[in-house]
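Structure data (mmCIF, N, CA and C atoms) from work.cif:
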```cif
data_data
#
loop_
_atom_site.label_atom_id
_atom_site.label_comp_id
_atom_site.auth_asym_id
_atom_site.auth_seq_id
_atom_site.Cartn_x
_atom_site.Cartn_y
_atom_site.Cartn_z
N MET A 1 0.86 -1.16 0.00
CA MET A 1 0.00 0.00 0.00
C MET A 1 0.90 1.22 0.00
N LEU A 2 0.84 1.98 -1.07
CA LEU A 2 1.68 3.17 -1.22
C LEU A 2 0.81 4.35 -1.68
N PRO A 3 0.07 4.96 -0.75
CA PRO A 3 -0.79 6.09 -1.11
C PRO A 3 0.00 7.25 -1.70
N GLY A 4 -0.54 7.84 -2.76
CA GLY A 4 0.10 9.00 -3.37
C GLY A 4 1.28 8.69 -4.26
N VAL A 5 1.59 7.42 -4.45
CA VAL A 5 2.73 7.01 -5.27
C VAL A 5 2.24 6.70 -6.68
N GLN A 6 2.95 7.25 -7.69
CA GLN A 6 2.58 6.99 -9.08
C GLN A 6 3.21 5.70 -9.60
N ARG A 7 4.50 5.49 -9.26
CA ARG A 7 5.21 4.29 -9.73
C ARG A 7 6.09 3.78 -8.60
N ALA A 8 6.37 2.46 -8.61
CA ALA A 8 7.21 1.86 -7.57
C ALA A 8 8.08 0.77 -8.18
N TRP A 9 9.28 0.60 -7.61
CA TRP A 9 10.23 -0.42 -8.03
C TRP A 9 10.76 -1.13 -6.80
N LEU A 10 11.16 -2.39 -6.98
CA LEU A 10 11.73 -3.21 -5.92
C LEU A 10 13.17 -3.55 -6.30
N ALA A 11 14.09 -3.46 -5.34
CA ALA A 11 15.48 -3.84 -5.59
C ALA A 11 15.57 -5.35 -5.71
N VAL A 12 15.99 -5.83 -6.89
CA VAL A 12 16.09 -7.26 -7.16
C VAL A 12 17.40 -7.53 -7.87
N GLY A 13 18.28 -8.29 -7.23
CA GLY A 13 19.53 -8.70 -7.87
C GLY A 13 20.37 -7.55 -8.39
N GLY A 14 20.42 -6.44 -7.68
CA GLY A 14 21.24 -5.31 -8.09
C GLY A 14 20.56 -4.35 -9.05
N ASP A 15 19.37 -4.66 -9.50
CA ASP A 15 18.60 -3.78 -10.40
C ASP A 15 17.29 -3.38 -9.73
N TRP A 16 16.58 -2.48 -10.38
CA TRP A 16 15.26 -2.07 -9.90
C TRP A 16 14.20 -2.67 -10.81
N ALA A 17 13.37 -3.55 -10.25
CA ALA A 17 12.28 -4.19 -11.00
C ALA A 17 11.00 -3.39 -10.79
N SER A 18 10.33 -3.06 -11.87
CA SER A 18 9.10 -2.29 -11.80
C SER A 18 8.00 -3.12 -11.14
N MET A 19 7.27 -2.49 -10.23
CA MET A 19 6.14 -3.15 -9.57
C MET A 19 4.86 -2.79 -10.31
N GLU A 20 3.92 -3.70 -10.30
CA GLU A 20 2.64 -3.50 -10.97
C GLU A 20 1.65 -2.85 -10.01
N ARG A 21 1.00 -1.80 -10.46
CA ARG A 21 -0.04 -1.15 -9.66
C ARG A 21 -1.36 -1.87 -9.91
N ILE A 22 -2.03 -2.25 -8.85
CA ILE A 22 -3.35 -2.87 -8.99
C ILE A 22 -4.33 -1.75 -9.33
N GLU A 23 -5.04 -1.94 -10.42
CA GLU A 23 -5.89 -0.89 -11.01
C GLU A 23 -6.81 -0.22 -9.99
N ARG A 24 -6.83 1.11 -10.03
CA ARG A 24 -7.68 1.97 -9.20
C ARG A 24 -7.44 1.79 -7.70
N THR A 25 -6.21 1.42 -7.31
CA THR A 25 -5.87 1.31 -5.89
C THR A 25 -4.49 1.92 -5.66
N ALA A 26 -4.09 1.95 -4.40
CA ALA A 26 -2.74 2.38 -4.02
C ALA A 26 -1.87 1.16 -3.73
N LEU A 27 -2.31 -0.03 -4.18
CA LEU A 27 -1.57 -1.27 -3.95
C LEU A 27 -0.65 -1.56 -5.13
N PHE A 28 0.58 -1.96 -4.80
CA PHE A 28 1.55 -2.36 -5.81
C PHE A 28 1.99 -3.78 -5.49
N ARG A 29 2.31 -4.55 -6.55
CA ARG A 29 2.81 -5.91 -6.33
C ARG A 29 3.93 -6.19 -7.30
N TRP A 30 4.77 -7.12 -6.90
CA TRP A 30 5.85 -7.58 -7.75
C TRP A 30 5.81 -9.09 -7.77
N ARG A 31 5.96 -9.65 -8.95
CA ARG A 31 6.00 -11.10 -9.09
C ARG A 31 7.32 -11.46 -9.75
N GLY A 32 8.02 -12.38 -9.16
CA GLY A 32 9.30 -12.79 -9.72
C GLY A 32 9.88 -13.96 -8.96
N ARG A 33 10.97 -14.48 -9.48
CA ARG A 33 11.58 -15.66 -8.89
C ARG A 33 12.75 -15.31 -7.98
N SER A 34 13.39 -14.18 -8.21
CA SER A 34 14.57 -13.82 -7.43
C SER A 34 14.16 -13.24 -6.09
N GLU A 35 15.05 -13.39 -5.12
CA GLU A 35 14.84 -12.76 -3.83
C GLU A 35 15.20 -11.29 -3.94
N ALA A 36 14.43 -10.47 -3.29
CA ALA A 36 14.75 -9.04 -3.26
C ALA A 36 16.05 -8.83 -2.51
N SER A 37 16.88 -7.93 -2.99
CA SER A 37 18.15 -7.66 -2.31
C SER A 37 18.48 -6.18 -2.41
N PRO A 38 18.68 -5.48 -1.32
CA PRO A 38 18.44 -5.96 0.05
C PRO A 38 16.95 -6.16 0.29
N PRO A 39 16.60 -6.98 1.29
CA PRO A 39 15.18 -7.30 1.49
C PRO A 39 14.32 -6.06 1.64
N GLY A 40 13.31 -5.96 0.79
CA GLY A 40 12.31 -4.92 0.93
C GLY A 40 12.76 -3.51 0.61
N ARG A 41 13.79 -3.33 -0.17
CA ARG A 41 14.22 -1.97 -0.55
C ARG A 41 13.36 -1.51 -1.71
N LEU A 42 12.70 -0.35 -1.56
CA LEU A 42 11.79 0.17 -2.56
C LEU A 42 12.26 1.52 -3.07
N ARG A 43 11.90 1.82 -4.29
CA ARG A 43 12.05 3.16 -4.87
C ARG A 43 10.65 3.57 -5.31
N VAL A 44 10.22 4.77 -4.89
CA VAL A 44 8.88 5.23 -5.22
C VAL A 44 8.93 6.60 -5.87
N GLU A 45 8.02 6.80 -6.83
CA GLU A 45 7.88 8.10 -7.49
C GLU A 45 6.60 8.74 -7.01
N GLU A 46 6.76 9.91 -6.38
CA GLU A 46 5.63 10.67 -5.88
C GLU A 46 5.59 12.00 -6.60
N GLY A 47 4.62 12.83 -6.26
CA GLY A 47 4.50 14.14 -6.89
C GLY A 47 5.71 15.02 -6.69
N ASN A 48 6.46 14.83 -5.60
CA ASN A 48 7.62 15.67 -5.32
C ASN A 48 8.95 14.99 -5.67
N GLY A 49 8.93 13.93 -6.45
CA GLY A 49 10.17 13.29 -6.90
C GLY A 49 10.24 11.82 -6.55
N VAL A 50 11.46 11.30 -6.63
CA VAL A 50 11.72 9.87 -6.39
C VAL A 50 12.51 9.73 -5.09
N ARG A 51 12.14 8.73 -4.29
CA ARG A 51 12.90 8.46 -3.06
C ARG A 51 12.97 6.96 -2.83
N GLU A 52 13.94 6.56 -2.03
CA GLU A 52 14.11 5.15 -1.67
C GLU A 52 13.73 4.95 -0.22
N LEU A 53 13.17 3.78 0.08
CA LEU A 53 12.78 3.45 1.44
C LEU A 53 12.79 1.95 1.65
N ASP A 54 12.84 1.55 2.91
CA ASP A 54 12.74 0.14 3.27
C ASP A 54 11.29 -0.20 3.54
N ASP A 55 10.84 -1.35 3.04
CA ASP A 55 9.48 -1.80 3.25
C ASP A 55 9.35 -2.32 4.69
N PRO A 56 8.50 -1.70 5.52
CA PRO A 56 8.36 -2.16 6.90
C PRO A 56 7.91 -3.62 7.01
N TYR A 57 7.21 -4.11 6.00
CA TYR A 57 6.65 -5.47 6.08
C TYR A 57 7.66 -6.54 5.69
N ALA A 58 8.90 -6.13 5.39
CA ALA A 58 9.97 -7.09 5.11
C ALA A 58 10.63 -7.56 6.41
N PHE A 59 10.25 -6.98 7.55
CA PHE A 59 10.85 -7.31 8.84
C PHE A 59 9.89 -8.14 9.67
N ALA A 60 10.41 -9.20 10.27
CA ALA A 60 9.59 -10.07 11.12
C ALA A 60 9.23 -9.35 12.42
N PRO A 61 8.13 -9.74 13.05
CA PRO A 61 7.77 -9.14 14.34
C PRO A 61 8.87 -9.36 15.38
N SER A 62 8.97 -8.45 16.34
CA SER A 62 10.02 -8.58 17.35
C SER A 62 9.50 -8.92 18.74
N ILE A 63 8.19 -8.79 18.96
CA ILE A 63 7.62 -9.20 20.25
C ILE A 63 7.48 -10.71 20.23
N THR A 64 8.10 -11.37 21.19
CA THR A 64 8.13 -12.84 21.18
C THR A 64 6.80 -13.42 21.68
N PRO A 65 6.49 -14.65 21.27
CA PRO A 65 5.29 -15.31 21.79
C PRO A 65 5.33 -15.47 23.32
N PHE A 66 6.54 -15.65 23.88
CA PHE A 66 6.65 -15.77 25.33
C PHE A 66 6.30 -14.45 26.02
N ASP A 67 6.79 -13.33 25.48
CA ASP A 67 6.42 -12.02 26.02
C ASP A 67 4.91 -11.80 25.95
N LEU A 68 4.29 -12.20 24.84
CA LEU A 68 2.84 -12.06 24.70
C LEU A 68 2.11 -12.91 25.73
N HIS A 69 2.60 -14.12 25.95
CA HIS A 69 2.01 -15.00 26.96
C HIS A 69 2.09 -14.35 28.35
N LEU A 70 3.27 -13.86 28.71
CA LEU A 70 3.43 -13.21 30.01
C LEU A 70 2.57 -11.96 30.12
N PHE A 71 2.52 -11.16 29.05
CA PHE A 71 1.73 -9.93 29.05
C PHE A 71 0.26 -10.25 29.29
N ASN A 72 -0.27 -11.20 28.54
CA ASN A 72 -1.70 -11.54 28.67
C ASN A 72 -2.03 -12.19 30.01
N ALA A 73 -1.03 -12.81 30.65
CA ALA A 73 -1.24 -13.40 31.97
C ALA A 73 -1.04 -12.37 33.08
N GLY A 74 -0.58 -11.16 32.71
CA GLY A 74 -0.34 -10.13 33.71
C GLY A 74 0.98 -10.29 34.44
N HIS A 75 1.93 -11.02 33.85
CA HIS A 75 3.20 -11.31 34.52
C HIS A 75 4.43 -10.74 33.80
N LEU A 76 4.24 -9.94 32.78
CA LEU A 76 5.38 -9.35 32.08
C LEU A 76 5.85 -8.14 32.88
N LEU A 77 7.00 -8.29 33.55
CA LEU A 77 7.47 -7.25 34.48
C LEU A 77 7.90 -5.97 33.78
N ALA A 78 8.36 -6.07 32.55
CA ALA A 78 8.81 -4.89 31.80
C ALA A 78 7.90 -4.68 30.60
N ALA A 79 6.60 -4.63 30.86
CA ALA A 79 5.63 -4.51 29.76
C ALA A 79 5.85 -3.24 28.95
N TRP A 80 6.41 -2.20 29.56
CA TRP A 80 6.66 -0.94 28.85
C TRP A 80 7.58 -1.16 27.65
N ARG A 81 8.38 -2.23 27.67
CA ARG A 81 9.28 -2.50 26.54
C ARG A 81 8.55 -3.05 25.32
N THR A 82 7.30 -3.46 25.49
CA THR A 82 6.56 -4.04 24.37
C THR A 82 5.48 -3.11 23.84
N GLN A 83 5.36 -1.89 24.37
CA GLN A 83 4.29 -0.99 23.95
C GLN A 83 4.85 0.32 23.44
N ASP A 84 4.02 1.05 22.67
CA ASP A 84 4.29 2.36 22.11
C ASP A 84 5.47 2.30 21.14
N ALA A 85 6.30 3.32 21.09
CA ALA A 85 7.41 3.40 20.13
C ALA A 85 8.73 3.11 20.84
N MET A 86 9.48 2.16 20.29
CA MET A 86 10.75 1.76 20.89
C MET A 86 11.82 1.82 19.79
N PRO A 87 12.89 2.64 19.99
CA PRO A 87 13.97 2.64 19.00
C PRO A 87 14.72 1.31 19.04
N ILE A 88 14.78 0.64 17.90
CA ILE A 88 15.53 -0.62 17.80
C ILE A 88 16.21 -0.67 16.44
N GLU A 89 17.03 -1.69 16.25
CA GLU A 89 17.66 -1.94 14.96
C GLU A 89 17.31 -3.35 14.54
N ARG A 90 16.85 -3.49 13.28
CA ARG A 90 16.50 -4.81 12.74
C ARG A 90 17.27 -5.02 11.46
N ASP A 91 17.99 -6.11 11.37
CA ASP A 91 18.76 -6.46 10.17
C ASP A 91 19.63 -5.29 9.70
N GLY A 92 20.23 -4.58 10.65
CA GLY A 92 21.11 -3.47 10.31
C GLY A 92 20.41 -2.15 10.02
N ALA A 93 19.08 -2.13 10.10
CA ALA A 93 18.32 -0.91 9.81
C ALA A 93 17.79 -0.32 11.12
N PRO A 94 18.18 0.92 11.46
CA PRO A 94 17.60 1.56 12.65
C PRO A 94 16.21 2.09 12.35
N GLY A 95 15.39 2.12 13.36
CA GLY A 95 14.04 2.65 13.20
C GLY A 95 13.26 2.56 14.49
N LEU A 96 11.95 2.63 14.39
CA LEU A 96 11.08 2.53 15.56
C LEU A 96 10.16 1.33 15.42
N ARG A 97 10.05 0.58 16.52
CA ARG A 97 9.09 -0.52 16.58
C ARG A 97 7.87 0.04 17.30
N PHE A 98 6.74 0.07 16.62
CA PHE A 98 5.50 0.56 17.20
C PHE A 98 4.66 -0.62 17.65
N ALA A 99 4.11 -0.54 18.84
CA ALA A 99 3.26 -1.61 19.34
C ALA A 99 2.19 -1.01 20.25
N VAL A 100 1.02 -1.60 20.19
CA VAL A 100 -0.09 -1.15 21.03
C VAL A 100 -0.95 -2.36 21.38
N TRP A 101 -1.49 -2.37 22.58
CA TRP A 101 -2.41 -3.42 22.99
C TRP A 101 -3.82 -2.88 22.78
N ALA A 102 -4.52 -3.43 21.83
CA ALA A 102 -5.88 -3.00 21.48
C ALA A 102 -6.70 -4.24 21.16
N PRO A 103 -7.11 -4.98 22.20
CA PRO A 103 -7.74 -6.29 21.98
C PRO A 103 -9.07 -6.26 21.23
N ASN A 104 -9.76 -5.13 21.22
CA ASN A 104 -11.05 -5.05 20.53
C ASN A 104 -10.97 -4.34 19.19
N ALA A 105 -9.76 -4.00 18.76
CA ALA A 105 -9.61 -3.27 17.50
C ALA A 105 -9.78 -4.21 16.30
N GLU A 106 -10.41 -3.69 15.26
CA GLU A 106 -10.50 -4.41 13.99
C GLU A 106 -9.27 -4.11 13.14
N ARG A 107 -8.71 -2.92 13.36
CA ARG A 107 -7.57 -2.46 12.56
C ARG A 107 -6.79 -1.47 13.41
N ALA A 108 -5.47 -1.44 13.23
CA ALA A 108 -4.62 -0.48 13.93
C ALA A 108 -3.54 -0.01 12.97
N SER A 109 -3.27 1.29 13.00
CA SER A 109 -2.21 1.88 12.17
C SER A 109 -1.43 2.85 13.03
N VAL A 110 -0.20 3.14 12.62
CA VAL A 110 0.55 4.22 13.24
C VAL A 110 0.57 5.35 12.23
N VAL A 111 0.27 6.56 12.71
CA VAL A 111 0.29 7.75 11.87
C VAL A 111 1.24 8.75 12.51
N GLY A 112 1.85 9.58 11.67
CA GLY A 112 2.77 10.56 12.22
C GLY A 112 3.29 11.51 11.17
N ASP A 113 4.25 12.32 11.59
CA ASP A 113 4.83 13.28 10.66
C ASP A 113 5.65 12.60 9.57
N PHE A 114 5.98 11.33 9.73
CA PHE A 114 6.74 10.57 8.76
C PHE A 114 5.88 9.98 7.64
N ASN A 115 4.55 9.97 7.80
CA ASN A 115 3.68 9.43 6.73
C ASN A 115 2.48 10.34 6.44
N GLY A 116 2.64 11.63 6.76
CA GLY A 116 1.57 12.58 6.47
C GLY A 116 0.30 12.34 7.26
N TRP A 117 0.42 11.66 8.41
CA TRP A 117 -0.71 11.35 9.27
C TRP A 117 -1.77 10.54 8.53
N ASP A 118 -1.32 9.69 7.61
CA ASP A 118 -2.19 8.87 6.76
C ASP A 118 -2.13 7.41 7.23
N GLY A 119 -3.22 6.91 7.78
CA GLY A 119 -3.28 5.56 8.33
C GLY A 119 -3.15 4.45 7.31
N ARG A 120 -3.21 4.77 6.03
CA ARG A 120 -3.06 3.74 5.00
C ARG A 120 -1.61 3.31 4.83
N TRP A 121 -0.65 4.17 5.22
CA TRP A 121 0.77 3.86 5.00
C TRP A 121 1.30 2.76 5.91
N HIS A 122 0.93 2.75 7.17
CA HIS A 122 1.56 1.83 8.12
C HIS A 122 0.55 1.10 9.00
N PRO A 123 -0.27 0.21 8.42
CA PRO A 123 -1.13 -0.62 9.26
C PRO A 123 -0.27 -1.61 10.05
N LEU A 124 -0.61 -1.82 11.31
CA LEU A 124 0.12 -2.74 12.16
C LEU A 124 -0.39 -4.17 11.94
N SER A 125 0.45 -5.13 12.28
CA SER A 125 0.09 -6.55 12.21
C SER A 125 -0.33 -7.00 13.61
N VAL A 126 -1.40 -7.79 13.67
CA VAL A 126 -1.89 -8.28 14.96
C VAL A 126 -1.23 -9.61 15.28
N HIS A 127 -0.96 -9.82 16.55
CA HIS A 127 -0.38 -11.08 17.04
C HIS A 127 -1.52 -12.00 17.47
N GLY A 128 -2.17 -12.64 16.52
CA GLY A 128 -3.23 -13.59 16.83
C GLY A 128 -4.31 -12.98 17.71
N ALA A 129 -4.74 -13.73 18.72
CA ALA A 129 -5.80 -13.30 19.62
C ALA A 129 -5.28 -12.55 20.84
N SER A 130 -3.98 -12.22 20.85
CA SER A 130 -3.37 -11.57 22.02
C SER A 130 -3.84 -10.14 22.22
N GLY A 131 -4.31 -9.48 21.15
CA GLY A 131 -4.68 -8.09 21.24
C GLY A 131 -3.52 -7.14 21.00
N ALA A 132 -2.33 -7.69 20.78
CA ALA A 132 -1.14 -6.87 20.54
C ALA A 132 -0.95 -6.65 19.05
N TRP A 133 -0.67 -5.41 18.68
CA TRP A 133 -0.43 -5.01 17.30
C TRP A 133 0.98 -4.45 17.22
N GLU A 134 1.68 -4.72 16.09
CA GLU A 134 3.09 -4.31 16.01
C GLU A 134 3.51 -4.03 14.58
N LEU A 135 4.47 -3.11 14.42
CA LEU A 135 5.13 -2.86 13.13
C LEU A 135 6.45 -2.14 13.38
N PHE A 136 7.51 -2.62 12.74
CA PHE A 136 8.79 -1.93 12.75
C PHE A 136 8.86 -1.07 11.50
N VAL A 137 9.15 0.23 11.69
CA VAL A 137 9.26 1.16 10.57
C VAL A 137 10.70 1.65 10.53
N PRO A 138 11.49 1.19 9.55
CA PRO A 138 12.89 1.61 9.47
C PRO A 138 13.03 3.07 9.03
N GLY A 139 14.14 3.67 9.46
CA GLY A 139 14.47 5.01 9.01
C GLY A 139 13.79 6.13 9.76
N ILE A 140 13.09 5.82 10.84
CA ILE A 140 12.40 6.85 11.62
C ILE A 140 13.16 7.05 12.92
N GLY A 141 13.41 8.30 13.28
CA GLY A 141 14.11 8.63 14.51
C GLY A 141 13.20 8.66 15.72
N ALA A 142 13.80 8.59 16.90
CA ALA A 142 13.05 8.55 18.15
C ALA A 142 12.22 9.81 18.39
N SER A 143 12.55 10.91 17.73
CA SER A 143 11.81 12.15 17.95
C SER A 143 10.59 12.30 17.03
N ALA A 144 10.29 11.29 16.23
CA ALA A 144 9.16 11.36 15.30
C ALA A 144 7.84 11.49 16.08
N LEU A 145 7.01 12.43 15.66
CA LEU A 145 5.69 12.56 16.25
C LEU A 145 4.81 11.45 15.72
N HIS A 146 4.01 10.84 16.58
CA HIS A 146 3.15 9.73 16.14
C HIS A 146 1.97 9.57 17.08
N LYS A 147 0.99 8.83 16.60
CA LYS A 147 -0.12 8.35 17.42
C LYS A 147 -0.69 7.13 16.72
N PHE A 148 -1.53 6.39 17.43
CA PHE A 148 -2.13 5.20 16.87
C PHE A 148 -3.55 5.52 16.41
N LYS A 149 -3.90 4.99 15.26
CA LYS A 149 -5.25 5.15 14.73
C LYS A 149 -5.91 3.76 14.83
N LEU A 150 -6.97 3.66 15.60
CA LEU A 150 -7.62 2.37 15.85
C LEU A 150 -9.05 2.40 15.32
N ARG A 151 -9.45 1.25 14.85
CA ARG A 151 -10.86 1.07 14.47
C ARG A 151 -11.38 -0.12 15.25
#
```
Could I get this structure in the form of structure tokens?
Amino acid sequence: MLPGVQRAWLAVGGDWASMERIERTALFRWRGRSEASPPGRLRVEEGNGVRELDDPYAFAPSITPFDLHLFNAGHLLAAWRTQDAMPIERDGAPGLRFAVWAPNAERASVVGDFNGWDGRWHPLSVHGASGAWELFVPGIGASALHKFKLR
């Protein structure tokens, strides 16, 4: 999902492979046999030019199933480490890991000055029935303004 993007490319084998836009949507897809390298590196063309970014969905979740078990049982002593925005590094990429406990939410996104406060850019992934939602967004500093958009 790349709102406001006219064209997008994925880094594949040292080149940029054009991604296909799904008609009348902000969704782009790439089909191919090669692994993306580096994982999830994108180039996007917007109204104000071309920029490169890392795809947040190329990174695995960082909250462990054991932490979720302890959290839901009320025994996670450092629960603050699993919620809100936490500066971390994943696969050599610094950024912020966003997490929120919203057990009744149908959808959760992080919005901020880094995505134009647009909830379509960074929907969080839910951890099963735990009520925990999470997404690592590379390239964002700890001073980024943000909030969670819940439905």
Picked residues, the PyMOL selection byres ((chain A and resi 82) around 7), expected as an MDAnalysis selection string: chainID A and resid 63 78:81 83:84 98:100
Result set, the PyMOL selection byres ((chain A and resi 27-31) around 8) on current file, as a count of residues only: 18
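Evaluated against the shown file, the PyMOL selection byres ((chain A and resi 121-127) around 7) gives Met1, Leu2, Pro3, Arg107, Ala108, Ser109, Val110, Val111, Asn115, Asp118, Gly119, Arg120, Gly128, Ala129, Ser130, Gly131, Ala132, Trp133, Glu134 and Leu135 of chain A.
Proximity to A:Arg7 was assessed for A:His75, A:Arg97, A:Arg51, A:Arg43 counting all atoms listed in the file; the smallest distance is recorded for A:Arg43.
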Backbone-only DSSP, strand (DSSP E) members of chain A, as a count of residues only: 63
For stretch 110-119 of chain A of the block above, can you save all heavy atoms as a CSV table (one decimal), in the first residue's frame?
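part-v4.csv was written with the following content:
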```csv
chain,number,residue,atom,x,y,z
A,110,VAL,N,-0.2,3.1,12.6
A,110,VAL,CA,0.5,4.2,13.2
A,110,VAL,C,0.6,5.4,12.2
A,110,VAL,O,0.8,5.1,11.0
A,110,VAL,CB,2.0,3.8,13.7
A,110,VAL,CG1,2.8,3.4,12.5
A,110,VAL,CG2,2.6,4.9,14.5
A,111,VAL,N,0.3,6.6,12.7
A,111,VAL,CA,0.3,7.8,11.9
A,111,VAL,C,1.2,8.7,12.5
A,111,VAL,O,1.4,8.8,13.7
A,111,VAL,CB,-1.1,8.4,11.7
A,111,VAL,CG1,-2.0,7.4,11.0
A,111,VAL,CG2,-1.7,8.8,13.0
A,112,GLY,N,1.8,9.6,11.7
A,112,GLY,CA,2.8,10.6,12.2
A,112,GLY,C,3.3,11.5,11.2
A,112,GLY,O,2.9,11.5,10.0
A,113,ASP,N,4.2,12.3,11.6
A,113,ASP,CA,4.8,13.3,10.7
A,113,ASP,C,5.6,12.6,9.6
A,113,ASP,O,5.9,13.2,8.5
A,113,ASP,CB,5.7,14.3,11.4
A,113,ASP,CG,6.7,13.7,12.3
A,113,ASP,OD1,6.9,12.5,12.3
A,113,ASP,OD2,7.4,14.5,13.0
A,114,PHE,N,6.0,11.3,9.7
A,114,PHE,CA,6.7,10.6,8.8
A,114,PHE,C,5.9,10.0,7.6
A,114,PHE,O,6.4,9.5,6.6
A,114,PHE,CB,7.5,9.4,9.5
A,114,PHE,CG,6.7,8.6,10.3
A,114,PHE,CD1,6.0,7.5,9.9
A,114,PHE,CD2,6.5,8.9,11.7
A,114,PHE,CE1,5.2,6.8,10.7
A,114,PHE,CE2,5.7,8.2,12.5
A,114,PHE,CZ,5.0,7.1,12.0
A,115,ASN,N,4.6,10.0,7.8
A,115,ASN,CA,3.7,9.4,6.7
A,115,ASN,C,2.5,10.3,6.4
A,115,ASN,O,1.5,9.9,5.9
A,115,ASN,CB,3.2,8.0,7.1
A,115,ASN,CG,2.3,7.9,8.3
A,115,ASN,OD1,1.9,8.9,8.8
A,115,ASN,ND2,2.1,6.7,8.8
A,116,GLY,N,2.6,11.6,6.8
A,116,GLY,CA,1.6,12.6,6.5
A,116,GLY,C,0.3,12.3,7.3
A,116,GLY,O,-0.8,12.7,6.8
A,117,TRP,N,0.4,11.7,8.4
A,117,TRP,CA,-0.7,11.3,9.3
A,117,TRP,C,-1.8,10.5,8.5
A,117,TRP,O,-3.0,10.7,8.8
A,117,TRP,CB,-1.3,12.6,9.9
A,117,TRP,CG,-0.3,13.4,10.7
A,117,TRP,CD1,0.5,14.4,10.2
A,117,TRP,CD2,0.1,13.1,12.0
A,117,TRP,NE1,1.4,14.8,11.2
A,117,TRP,CE2,1.1,14.1,12.3
A,117,TRP,CE3,-0.3,12.2,13.0
A,117,TRP,CZ2,1.8,14.1,13.6
A,117,TRP,CZ3,0.3,12.3,14.3
A,117,TRP,CH2,1.3,13.2,14.5
A,118,ASP,N,-1.3,9.7,7.6
A,118,ASP,CA,-2.2,8.9,6.8
A,118,ASP,C,-2.1,7.4,7.2
A,118,ASP,O,-1.1,6.8,7.1
A,118,ASP,CB,-1.7,9.0,5.3
A,118,ASP,CG,-2.7,8.3,4.3
A,118,ASP,OD1,-3.4,7.4,4.7
A,118,ASP,OD2,-2.6,8.7,3.1
A,119,GLY,N,-3.2,6.9,7.8
A,119,GLY,CA,-3.3,5.6,8.3
A,119,GLY,C,-3.2,4.4,7.3
A,119,GLY,O,-3.0,3.3,7.7
```
